[in-house]
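The structure appears below as structure tokens.
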Amino acid sequence: MTNQRTSKLAGALGQLAEHLQWLRDEGVAAVAADPKLVQALGRRVPTAGHAAAGAGRKAGDQPRARAAASPAAPAADAPELEAARAALADVAKRVAVCRQCPLGRARSRTVPGQGHPHPAIMFVGEGPGEEEDRQGLAFVGAAGQLLSRQILRMGLTRAEVFIGNIVKCRPPGNRPPLPDEMAACLPYLREQIAILKPKVIVCLGGTAVKGLLGVTTGITRLRGQWHSCAGVDVMPTYHPSYLLRGGGEDKARWWEVWNDLVAVLARIGRPPPPR
Ligand code: URA
């Protein structure tokens, strides 16, 4: 299999795993799957096997603790991971009925964020767009596809990190969230950070920086420098939508983001992938 096909397959499996996790958090206990397909996936893509943890699990089985074997997530045993998952699901449940700001009235679905319950890296964006509002999952539109590619280039999968946003409901017309909307939603994000205990938070774009660090300095000046939030190292970088808007011509910005992500890998003790 070519590298390109392998990384496409890994990306698709990461999204499938997220979706299965989301179904599980919504209370869906089982999904139908062709046993031959499950067997083939387990044989051919062993690294993605952990991603669908919980899918196909029999009653009474303990979830597999993959984190201890991987430096992509701090060591955590199975009960600890289960507890973190349950706590995240509890936040998501409260978000699902939240009406604390006007965004709650216009949304189709809430987008609490998804991923590993104890990741080394948490990505925080601005807020759901149209596709995210439709699916209830963070970063699944065009910007999300770019983020997926960046994560894969870092040598990780989406299921090994956590991906969330400053606000959990879509602002109309994809405008940036207003200060009151951010203030109403931030307690949920703070709770998630306390549960996830990431080593590093990557702030994607100016809104994420404003929300998490409370500063209004432009992202161009802040990116590439380490900051701190609630005891967690924070690396601000450009939002994937910003890169997409600039097209492929502005290679300098793409490289700046890549250098920021390489610094993140160094901070969590993972070697940078070859250029
Ligand atoms: N999708 C998200 O989930 N967040 C963003 O900030 C942009 C797109």
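Labeling convention for the structure tokens: chains A, B, ... as they appear, residues from 1 per chain, ligands from 1 in order of appearance.
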**OP:** Might you pull out every residue within 9 Å of Cys185 in chain A, with only C-alpha atoms counted and same-chain residues fewer than 6 positions away left off, and present them as a list in words?
**Re:**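 Surrounding residues, per the criterion: Val95, Gln100, Cys101, Ile166, Val167 and Lys168 of chain A.
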Subject >> Distance filter 7 Å around ligand 1, atoms: only C-alpha atoms and all ligand atoms, out as a PyMOL selection string >> reply: chain A and resi 125-129+132+138-141+143-144+164-165+241
Subject >> Shell around range 208-224 of chain A at 8 Å using only C-alpha atoms, local window under 6 positions removed, as a ChimeraX atom specification >> reply: /A:124-126,165-166,182-183,186,235-238,256,259-260
Original post:
Using only C-alpha atoms, which of the listed residues (A:Arg275, A:Arg175, A:Arg270, A:His239) sits closest to Leu146 in chain A?
Top reply: A:His239
Original post:
Mind checking DSSP for range 56-217 of chain A and telling me the strand (DSSP E) residues as a list in words?
Top reply: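 Those in range 56-217 of chain A that DSSP calls strand (DSSP E) are Gln114, Gly115, Ile121, Met122, Phe123, Val124, Gly125, Phe162, Ile163, Gly164, Asn165, Val200, Ile201, Val202, Cys203 and Leu204 of chain A.
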Atoms kept (N, CA, C and O atoms) for selection, written as a PDB file, in the first residue's frame:
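Now in out23.pdb:
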ATOM      1  N   GLN A 114     -14.147  15.910  20.641  1.00  0.00           N
ATOM      2  CA  GLN A 114     -13.995  14.458  20.718  1.00  0.00           C
ATOM      3  C   GLN A 114     -12.532  14.056  20.601  1.00  0.00           C
ATOM      4  O   GLN A 114     -11.715  14.826  20.112  1.00  0.00           O
ATOM      5  N   GLY A 115     -12.253  12.842  21.078  1.00  0.00           N
ATOM      6  CA  GLY A 115     -10.890  12.320  20.963  1.00  0.00           C
ATOM      7  C   GLY A 115     -10.503  11.489  22.165  1.00  0.00           C
ATOM      8  O   GLY A 115     -11.364  10.994  22.893  1.00  0.00           O
ATOM      9  N   ILE A 121      -1.853  15.822  23.481  1.00  0.00           N
ATOM     10  CA  ILE A 121      -2.125  17.086  22.785  1.00  0.00           C
ATOM     11  C   ILE A 121      -3.625  17.316  22.646  1.00  0.00           C
ATOM     12  O   ILE A 121      -4.365  16.422  22.224  1.00  0.00           O
ATOM     13  N   MET A 122      -4.046  18.533  22.983  1.00  0.00           N
ATOM     14  CA  MET A 122      -5.438  18.940  22.759  1.00  0.00           C
ATOM     15  C   MET A 122      -5.413  20.121  21.777  1.00  0.00           C
ATOM     16  O   MET A 122      -4.628  21.056  21.965  1.00  0.00           O
ATOM     17  N   PHE A 123      -6.232  20.041  20.742  1.00  0.00           N
ATOM     18  CA  PHE A 123      -6.357  21.155  19.794  1.00  0.00           C
ATOM     19  C   PHE A 123      -7.639  21.922  20.127  1.00  0.00           C
ATOM     20  O   PHE A 123      -8.693  21.299  20.332  1.00  0.00           O
ATOM     21  N   VAL A 124      -7.544  23.249  20.159  1.00  0.00           N
ATOM     22  CA  VAL A 124      -8.737  24.067  20.433  1.00  0.00           C
ATOM     23  C   VAL A 124      -8.917  25.077  19.303  1.00  0.00           C
ATOM     24  O   VAL A 124      -8.028  25.889  19.032  1.00  0.00           O
ATOM     25  N   GLY A 125     -10.068  24.989  18.649  1.00  0.00           N
ATOM     26  CA  GLY A 125     -10.390  25.929  17.574  1.00  0.00           C
ATOM     27  C   GLY A 125     -11.380  26.975  18.051  1.00  0.00           C
ATOM     28  O   GLY A 125     -11.524  27.213  19.254  1.00  0.00           O
ATOM     29  N   PHE A 162      -7.168  15.174  21.395  1.00  0.00           N
ATOM     30  CA  PHE A 162      -8.546  15.635  21.604  1.00  0.00           C
ATOM     31  C   PHE A 162      -8.716  16.919  20.802  1.00  0.00           C
ATOM     32  O   PHE A 162      -7.815  17.750  20.759  1.00  0.00           O
ATOM     33  N   ILE A 163      -9.876  17.038  20.150  1.00  0.00           N
ATOM     34  CA  ILE A 163     -10.131  18.209  19.305  1.00  0.00           C
ATOM     35  C   ILE A 163     -11.417  18.880  19.783  1.00  0.00           C
ATOM     36  O   ILE A 163     -12.474  18.243  19.841  1.00  0.00           O
ATOM     37  N   GLY A 164     -11.306  20.151  20.159  1.00  0.00           N
ATOM     38  CA  GLY A 164     -12.484  20.871  20.653  1.00  0.00           C
ATOM     39  C   GLY A 164     -12.474  22.323  20.201  1.00  0.00           C
ATOM     40  O   GLY A 164     -11.652  22.723  19.371  1.00  0.00           O
ATOM     41  N   ASN A 165     -13.356  23.089  20.773  1.00  0.00           N
ATOM     42  CA  ASN A 165     -13.528  24.482  20.375  1.00  0.00           C
ATOM     43  C   ASN A 165     -13.808  25.375  21.577  1.00  0.00           C
ATOM     44  O   ASN A 165     -14.220  24.892  22.630  1.00  0.00           O
ATOM     45  N   VAL A 200      -0.010  19.441  26.303  1.00  0.00           N
ATOM     46  CA  VAL A 200       0.066  20.660  25.494  1.00  0.00           C
ATOM     47  C   VAL A 200      -1.300  20.967  24.890  1.00  0.00           C
ATOM     48  O   VAL A 200      -2.008  20.053  24.456  1.00  0.00           O
ATOM     49  N   ILE A 201      -1.659  22.252  24.884  1.00  0.00           N
ATOM     50  CA  ILE A 201      -2.850  22.692  24.143  1.00  0.00           C
ATOM     51  C   ILE A 201      -2.367  23.493  22.939  1.00  0.00           C
ATOM     52  O   ILE A 201      -1.546  24.404  23.091  1.00  0.00           O
ATOM     53  N   VAL A 202      -2.857  23.138  21.764  1.00  0.00           N
ATOM     54  CA  VAL A 202      -2.551  23.930  20.563  1.00  0.00           C
ATOM     55  C   VAL A 202      -3.763  24.820  20.304  1.00  0.00           C
ATOM     56  O   VAL A 202      -4.864  24.325  20.055  1.00  0.00           O
ATOM     57  N   CYS A 203      -3.562  26.137  20.403  1.00  0.00           N
ATOM     58  CA  CYS A 203      -4.638  27.098  20.134  1.00  0.00           C
ATOM     59  C   CYS A 203      -4.642  27.400  18.647  1.00  0.00           C
ATOM     60  O   CYS A 203      -3.664  27.945  18.116  1.00  0.00           O
ATOM     61  N   LEU A 204      -5.736  27.077  17.987  1.00  0.00           N
ATOM     62  CA  LEU A 204      -5.815  27.296  16.538  1.00  0.00           C
ATOM     63  C   LEU A 204      -6.490  28.637  16.260  1.00  0.00           C
ATOM     64  O   LEU A 204      -7.719  28.750  16.304  1.00  0.00           O
TER      65      LEU A 204
END
Original post:
In Å, how far is it from CA of Trp254 in chain A to CA of Met154 in chain A?
Top reply: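 Separation of CA of Trp254 in chain A and CA of Met154 in chain A: 13.9 Å.
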Original post:
Mind checking DSSP for range 25-266 of chain A and telling me the alpha helix (DSSP H) residues as an NGL selection string?
Top reply: :A and (25 or 35-44 or 78-96 or 103-106 or 130-135 or 142-153 or 179-196 or 206-213 or 219-222 or 240-246 or 251-266)
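Between CA of Val234 in chain A and CA of Ala92 in chain A lies a distance of 23.3 Å.
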Subject >> Between CA of Pro271 in chain A and CA of Ile151 in chain A, distance in Å (one decimal) >> reply: 13.9 Å
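Counting only C-alpha atoms and comparing A:Pro176, A:Gly247, A:Pro274, A:Ala89, the residue that lies closest to Val262 in chain A is A:Pro274.
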